[in-house]
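Only one structure is covered here, and it is reproduced in the block below.
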Amino acid sequence: MVRVGVIALQGGVAEHLHMLRRASEETGIPVETVLVKRPWHLDGVSAVIIPGGESTTIGKLMKRTGVAERLHKLLVEEGVAAMGTCAGAILLAKRVRDRVRGETRQETLAAMDIAVTRNYYGRQRESFEALVKLEDPTGLAPELEERPLHGVFIRAPSIDEAWGGARITGKLQGVGVAAMQGSMIALAFHPELTSDTRLHRLLLRLAKK
Ligand code: GLN
C-alpha cells in the first residue's frame, strides 16, 4: 500500500485524486490518498503531490500550518517521493524569480536544486497546450519516453536552471518545463488536466522504490 498525501490548502486537488486512482488501477499498486491540511496528515506517506494554484498563497499556508517544516524534512532527509505541478513546482524550488518583480523572497520548501521563474509565459500566453518530450532518468517509466506528453500550461513557470542532484528532464522550445531530483518531480504544466497518467504512475513507482 502506498500512502499519497495531496497538499489540500489551496489549488487543484480533485483532479490529482482522480489520476492517482487511475494510476493505481493501471500499475496494480494499491494507493491510499490523504488530504494534507495539517502536519500530522503527512504521517506514513511515501509520496506527496503539491498541486497547482497560487504558489504564494499555498506557501504561506504551508508555513502557517506547520506543513512546510514537516514536508521539507520528509523530502530532503527521508527521500519521500514528490510531484509538484505548476505552483507546486515553484514550491519545490530553491530559487524563485518573478517575471515582473525579479528575485522574490517567496516561501518555498527549498527541496530541489532548481531555479524557476513564476509566470514566465506572461500575459499574452496565459494558458496554452503543447506536446512535451520528457526524459526518464530513473528508468522506472520507460513509457514516458515513447511519445511526448500533452502539457497544459496555465500561468506556468519556467525551470531555468538545475544544479546539484537536479536535472532538467523536459524542454519546450529550449525552455525547461520539467525537472527531477532523486524521487522528486517538478512540472511547469498540469498532467492532471489530461487523461495521461504516465507521470502519476512514475510517482507511485518512485514511492514504492
Ligand atoms: N502562476 C501561479 C503561481 O505563480 C501558478 C499557476 C498554476 O499553478 N497554474 O503560483
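Numbering starts fresh at 1 for the residues of each chain in the C-alpha cells, the chains themselves are lettered A, B, ... in the order given, and ligands are numbered from 1 as they appear.
Residues in contact with A:Arg155 at up to 9 Å, not including ones fewer than 4 positions away on its chain and judged by only C-alpha atoms, are Cys86, Arg118, Asn119, Tyr120, Tyr121, Gly122, Arg123, Arg125, Glu126, Ser127 and Phe128 of chain A.
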Grab the residues selected above and save them as a compact mmCIF listing (two decimals), in the first residue's frame with all heavy atoms.
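Output file result19.txt is given in full below:
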```
# COMPACT_ATOMS: atom_id res chain seq x y z
N CYS A 86 3.12 22.99 -11.56
CA CYS A 86 2.95 24.44 -11.73
C CYS A 86 3.29 25.18 -10.43
O CYS A 86 4.45 25.25 -10.07
CB CYS A 86 1.56 24.74 -12.23
SG CYS A 86 1.46 26.34 -13.03
N ARG A 118 8.45 32.49 -12.01
CA ARG A 118 6.98 32.47 -11.95
C ARG A 118 6.41 33.21 -13.15
O ARG A 118 6.98 34.21 -13.60
CB ARG A 118 6.47 33.24 -10.74
CG ARG A 118 6.68 32.60 -9.43
CD ARG A 118 6.02 33.45 -8.35
NE ARG A 118 4.56 33.43 -8.49
CZ ARG A 118 3.75 34.33 -7.95
NH1 ARG A 118 4.23 35.35 -7.29
NH2 ARG A 118 2.44 34.20 -8.10
N ASN A 119 5.27 32.77 -13.60
CA ASN A 119 4.54 33.45 -14.69
C ASN A 119 5.44 33.75 -15.88
O ASN A 119 5.33 34.81 -16.49
CB ASN A 119 3.92 34.75 -14.16
CG ASN A 119 2.97 34.49 -13.01
OD1 ASN A 119 2.15 33.57 -13.07
ND2 ASN A 119 3.08 35.27 -11.96
N TYR A 120 6.31 32.81 -16.19
CA TYR A 120 7.30 33.01 -17.25
C TYR A 120 6.65 33.40 -18.57
O TYR A 120 7.16 34.23 -19.31
CB TYR A 120 8.12 31.72 -17.44
CG TYR A 120 9.03 31.78 -18.64
CD1 TYR A 120 10.25 32.46 -18.55
CD2 TYR A 120 8.67 31.21 -19.85
CE1 TYR A 120 11.09 32.55 -19.65
CE2 TYR A 120 9.51 31.29 -20.95
CZ TYR A 120 10.71 31.96 -20.84
OH TYR A 120 11.52 32.05 -21.93
N TYR A 121 5.52 32.78 -18.87
CA TYR A 121 4.92 32.99 -20.19
C TYR A 121 4.10 34.28 -20.28
O TYR A 121 3.56 34.60 -21.33
CB TYR A 121 4.09 31.76 -20.60
CG TYR A 121 4.98 30.56 -20.86
CD1 TYR A 121 5.22 29.62 -19.86
CD2 TYR A 121 5.64 30.41 -22.07
CE1 TYR A 121 6.06 28.54 -20.09
CE2 TYR A 121 6.49 29.34 -22.31
CZ TYR A 121 6.69 28.41 -21.30
OH TYR A 121 7.53 27.36 -21.53
N GLY A 122 4.02 35.00 -19.17
CA GLY A 122 3.43 36.34 -19.20
C GLY A 122 1.96 36.34 -19.54
O GLY A 122 1.30 35.32 -19.55
N ARG A 123 1.44 37.50 -19.81
CA ARG A 123 0.01 37.66 -20.03
C ARG A 123 -0.48 37.20 -21.39
O ARG A 123 -1.57 36.65 -21.51
CB ARG A 123 -0.39 39.12 -19.86
CG ARG A 123 -0.43 39.54 -18.43
CD ARG A 123 -1.02 40.92 -18.26
NE ARG A 123 -0.76 41.40 -16.91
CZ ARG A 123 -1.47 41.03 -15.86
NH1 ARG A 123 -2.47 40.21 -15.99
NH2 ARG A 123 -1.17 41.50 -14.66
N ARG A 125 0.32 34.80 -23.23
CA ARG A 125 0.10 33.38 -23.37
C ARG A 125 -0.21 32.79 -22.01
O ARG A 125 0.45 31.89 -21.55
CB ARG A 125 1.32 32.72 -24.00
CG ARG A 125 1.56 33.15 -25.42
CD ARG A 125 2.76 32.41 -25.98
NE ARG A 125 2.41 31.04 -26.36
CZ ARG A 125 3.31 30.05 -26.45
NH1 ARG A 125 4.56 30.26 -26.15
NH2 ARG A 125 2.95 28.85 -26.84
N GLU A 126 -1.24 33.33 -21.37
CA GLU A 126 -1.57 32.88 -20.01
C GLU A 126 -1.78 31.39 -19.94
O GLU A 126 -1.39 30.75 -18.98
CB GLU A 126 -2.82 33.61 -19.53
CG GLU A 126 -2.52 35.01 -19.10
CD GLU A 126 -3.27 35.36 -17.84
OE1 GLU A 126 -4.44 34.99 -17.75
OE2 GLU A 126 -2.67 36.00 -16.97
N SER A 127 -2.47 30.85 -20.97
CA SER A 127 -2.56 29.40 -20.97
C SER A 127 -2.52 28.88 -22.40
O SER A 127 -2.99 29.52 -23.32
CB SER A 127 -3.79 28.92 -20.21
OG SER A 127 -4.94 29.36 -20.86
N PHE A 128 -1.92 27.72 -22.55
CA PHE A 128 -1.79 27.08 -23.85
C PHE A 128 -1.48 25.61 -23.65
O PHE A 128 -1.20 25.18 -22.53
CB PHE A 128 -0.67 27.76 -24.67
CG PHE A 128 0.69 27.66 -24.05
CD1 PHE A 128 1.57 26.65 -24.42
CD2 PHE A 128 1.10 28.57 -23.09
CE1 PHE A 128 2.83 26.55 -23.84
CE2 PHE A 128 2.35 28.47 -22.50
CZ PHE A 128 3.23 27.47 -22.89
```
Worksheet item: Which residues come within 12 Å of stretch 12-25 of chain A, counting only C-alpha atoms, excluding same-chain residues fewer than 3 positions away, as a VMD selection string?
Response: chain A and resid 1 to 9 28 to 37 47 to 55 58 83 to 88 154 190 to 205 208
Item to complete: Identify, on the basis of only C-alpha atoms, every residue whose closest approach to A:Arg167 does not exceed 8 Å; exclude the query and any residue fewer than 4 positions from it along the same chain; express the result as a PyMOL selection string.
Response: chain A and resi 162-163+179-181
With N, CA, C and O atoms retained, write the just-selected residues as a PDB file, in the first residue's frame.
```pdb
ATOM      1  N   ALA A 162      19.215  23.977 -13.254  1.00  0.00           N
ATOM      2  CA  ALA A 162      19.246  22.837 -12.332  1.00  0.00           C
ATOM      3  C   ALA A 162      20.700  22.616 -11.973  1.00  0.00           C
ATOM      4  O   ALA A 162      21.573  22.714 -12.823  1.00  0.00           O
ATOM      5  N   TRP A 163      20.975  22.352 -10.707  1.00  0.00           N
ATOM      6  CA  TRP A 163      22.346  22.093 -10.272  1.00  0.00           C
ATOM      7  C   TRP A 163      22.305  20.978  -9.231  1.00  0.00           C
ATOM      8  O   TRP A 163      21.233  20.418  -8.969  1.00  0.00           O
ATOM      9  N   ALA A 179      11.668  18.887 -14.374  1.00  0.00           N
ATOM     10  CA  ALA A 179      12.954  18.568 -13.746  1.00  0.00           C
ATOM     11  C   ALA A 179      12.750  17.437 -12.758  1.00  0.00           C
ATOM     12  O   ALA A 179      11.640  17.239 -12.248  1.00  0.00           O
ATOM     13  N   MET A 180      13.826  16.698 -12.514  1.00  0.00           N
ATOM     14  CA  MET A 180      13.782  15.648 -11.498  1.00  0.00           C
ATOM     15  C   MET A 180      15.011  15.712 -10.614  1.00  0.00           C
ATOM     16  O   MET A 180      16.076  16.151 -11.062  1.00  0.00           O
ATOM     17  N   GLN A 181      14.840  15.279  -9.384  1.00  0.00           N
ATOM     18  CA  GLN A 181      15.970  15.146  -8.459  1.00  0.00           C
ATOM     19  C   GLN A 181      15.623  14.001  -7.521  1.00  0.00           C
ATOM     20  O   GLN A 181      14.648  14.102  -6.770  1.00  0.00           O
TER      21      GLN A 181
END
```
Worksheet item: Out of stretch 105-186 of chain A, which residues get strand (DSSP E) from DSSP, as an MDAnalysis selection string?
Response: chainID A and resid 112:118 127:134 149:154 158:162 167:172 175:181 184:186
Worksheet item: Can you tell me how far atom CA of A:Ala188 sits from atom CA of A:Gly151, in Å to one decimal?
Response: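 Taking atom CA of A:Ala188 and atom CA of A:Gly151, their separation equals 8.7 Å.
For the pair atom CA of A:Ser183 and atom 1 (N, counted along the ligand's line) of ligand 1, the interatomic distance is 24.0 Å.
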Discussion item. One number please: atom CA of A:His72 to atom CA of A:His41, in Å, one decimal.
Written reply: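 Atom-to-atom, atom CA of A:His72 to atom CA of A:His41, that is 14.2 Å.
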Worksheet item: Among stretch 5-188 of chain A, which ones does DSSP place in helix (DSSP H, G or I), written as a VMD selection string?
Response: chain A and resid 14 to 27 39 to 42 55 to 65 67 to 76 87 to 92 142 to 145
Could those selected residues go to a file with N, CA and C atoms, as a compact mmCIF listing (two decimals), in the first residue's frame?
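Wrote selection36.txt, looks like this:
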```
# COMPACT_ATOMS: atom_id res chain seq x y z
N ALA A 14 -8.75 17.82 -6.62
CA ALA A 14 -9.62 16.71 -7.05
C ALA A 14 -9.06 15.97 -8.26
N GLU A 15 -8.51 16.70 -9.22
CA GLU A 15 -8.00 16.08 -10.45
C GLU A 15 -6.85 15.12 -10.13
N HIS A 16 -6.02 15.51 -9.16
CA HIS A 16 -4.91 14.63 -8.79
C HIS A 16 -5.42 13.35 -8.13
N LEU A 17 -6.47 13.47 -7.31
CA LEU A 17 -7.03 12.28 -6.66
C LEU A 17 -7.53 11.30 -7.72
N HIS A 18 -8.20 11.85 -8.72
CA HIS A 18 -8.72 11.04 -9.82
C HIS A 18 -7.59 10.33 -10.57
N MET A 19 -6.53 11.07 -10.86
CA MET A 19 -5.39 10.49 -11.59
C MET A 19 -4.70 9.40 -10.76
N LEU A 20 -4.61 9.62 -9.46
CA LEU A 20 -3.98 8.62 -8.59
C LEU A 20 -4.78 7.33 -8.58
N ARG A 21 -6.10 7.47 -8.56
CA ARG A 21 -6.96 6.28 -8.58
C ARG A 21 -6.73 5.49 -9.87
N ARG A 22 -6.67 6.22 -10.98
CA ARG A 22 -6.45 5.54 -12.27
C ARG A 22 -5.06 4.92 -12.34
N ALA A 23 -4.05 5.68 -11.91
CA ALA A 23 -2.67 5.17 -11.96
C ALA A 23 -2.53 3.93 -11.10
N SER A 24 -3.25 3.90 -9.99
CA SER A 24 -3.24 2.74 -9.10
C SER A 24 -3.81 1.51 -9.81
N GLU A 25 -4.94 1.69 -10.48
CA GLU A 25 -5.54 0.58 -11.23
C GLU A 25 -4.59 0.08 -12.31
N GLU A 26 -3.98 1.02 -13.02
CA GLU A 26 -3.14 0.64 -14.16
C GLU A 26 -1.83 -0.05 -13.74
N THR A 27 -1.28 0.37 -12.60
CA THR A 27 0.00 -0.21 -12.18
C THR A 27 -0.21 -1.39 -11.24
N PRO A 39 0.23 19.15 9.61
CA PRO A 39 1.45 18.34 9.52
C PRO A 39 1.21 16.85 9.79
N TRP A 40 0.32 16.52 10.73
CA TRP A 40 0.14 15.11 11.08
C TRP A 40 -0.55 14.32 9.97
N HIS A 41 -1.16 15.01 9.02
CA HIS A 41 -1.74 14.29 7.88
C HIS A 41 -0.63 13.67 7.02
N LEU A 42 0.62 14.08 7.27
CA LEU A 42 1.73 13.53 6.48
C LEU A 42 2.29 12.24 7.09
N SER A 55 1.10 29.93 -5.86
CA SER A 55 2.22 29.44 -5.04
C SER A 55 2.47 30.31 -3.80
N THR A 56 2.22 31.63 -3.92
CA THR A 56 2.45 32.49 -2.74
C THR A 56 1.46 32.10 -1.63
N THR A 57 0.21 31.87 -2.01
CA THR A 57 -0.82 31.51 -1.02
C THR A 57 -0.53 30.14 -0.41
N ILE A 58 -0.27 29.15 -1.27
CA ILE A 58 -0.01 27.80 -0.74
C ILE A 58 1.23 27.83 0.16
N GLY A 59 2.26 28.58 -0.26
CA GLY A 59 3.49 28.68 0.52
C GLY A 59 3.23 29.25 1.91
N LYS A 60 2.45 30.33 1.96
CA LYS A 60 2.15 30.96 3.26
C LYS A 60 1.35 30.01 4.14
N LEU A 61 0.35 29.35 3.55
CA LEU A 61 -0.49 28.44 4.34
C LEU A 61 0.32 27.24 4.83
N MET A 62 1.23 26.75 3.99
CA MET A 62 2.05 25.61 4.42
C MET A 62 2.91 26.00 5.60
N LYS A 63 3.42 27.24 5.57
CA LYS A 63 4.28 27.70 6.66
C LYS A 63 3.45 27.87 7.94
N ARG A 64 2.31 28.56 7.80
CA ARG A 64 1.48 28.85 8.97
C ARG A 64 0.98 27.59 9.67
N THR A 65 0.66 26.56 8.89
CA THR A 65 0.10 25.34 9.47
C THR A 65 1.17 24.37 9.96
N VAL A 67 2.91 22.60 7.94
CA VAL A 67 3.06 21.56 6.91
C VAL A 67 4.43 21.72 6.21
N ALA A 68 4.86 22.97 6.02
CA ALA A 68 6.11 23.22 5.30
C ALA A 68 7.31 22.59 6.00
N GLU A 69 7.40 22.81 7.29
CA GLU A 69 8.55 22.32 8.05
C GLU A 69 8.62 20.79 8.00
N ARG A 70 7.48 20.17 8.21
CA ARG A 70 7.41 18.70 8.22
C ARG A 70 7.72 18.14 6.83
N LEU A 71 7.14 18.78 5.82
CA LEU A 71 7.30 18.30 4.45
C LEU A 71 8.75 18.47 3.98
N HIS A 72 9.36 19.58 4.34
CA HIS A 72 10.76 19.81 3.98
C HIS A 72 11.62 18.65 4.49
N LYS A 73 11.41 18.26 5.74
CA LYS A 73 12.18 17.15 6.33
C LYS A 73 11.94 15.85 5.57
N LEU A 74 10.66 15.57 5.27
CA LEU A 74 10.33 14.33 4.58
C LEU A 74 11.01 14.26 3.22
N LEU A 75 11.02 15.40 2.51
CA LEU A 75 11.58 15.40 1.15
C LEU A 75 13.10 15.38 1.17
N VAL A 76 13.68 16.20 2.02
CA VAL A 76 15.13 16.38 1.98
C VAL A 76 15.87 15.31 2.78
N ALA A 87 2.31 25.69 -9.69
CA ALA A 87 2.63 26.32 -8.40
C ALA A 87 3.42 25.34 -7.52
N GLY A 88 3.09 24.06 -7.63
CA GLY A 88 3.77 23.02 -6.84
C GLY A 88 5.25 22.92 -7.20
N ALA A 89 5.56 23.12 -8.48
CA ALA A 89 6.97 23.09 -8.92
C ALA A 89 7.71 24.29 -8.34
N ILE A 90 7.04 25.44 -8.32
CA ILE A 90 7.64 26.65 -7.74
C ILE A 90 7.95 26.39 -6.27
N LEU A 91 7.03 25.71 -5.59
CA LEU A 91 7.20 25.47 -4.15
C LEU A 91 8.30 24.48 -3.84
N LEU A 92 8.68 23.65 -4.80
CA LEU A 92 9.79 22.71 -4.58
C LEU A 92 11.15 23.39 -4.78
N PRO A 142 9.66 3.73 -18.59
CA PRO A 142 10.12 3.78 -19.98
C PRO A 142 9.04 4.30 -20.94
N GLU A 143 7.76 4.09 -20.56
CA GLU A 143 6.66 4.56 -21.43
C GLU A 143 6.64 6.08 -21.56
N LEU A 144 7.32 6.74 -20.63
CA LEU A 144 7.36 8.20 -20.67
C LEU A 144 8.14 8.71 -21.88
N GLU A 145 9.12 7.92 -22.31
CA GLU A 145 9.96 8.38 -23.42
C GLU A 145 9.44 7.91 -24.77
```
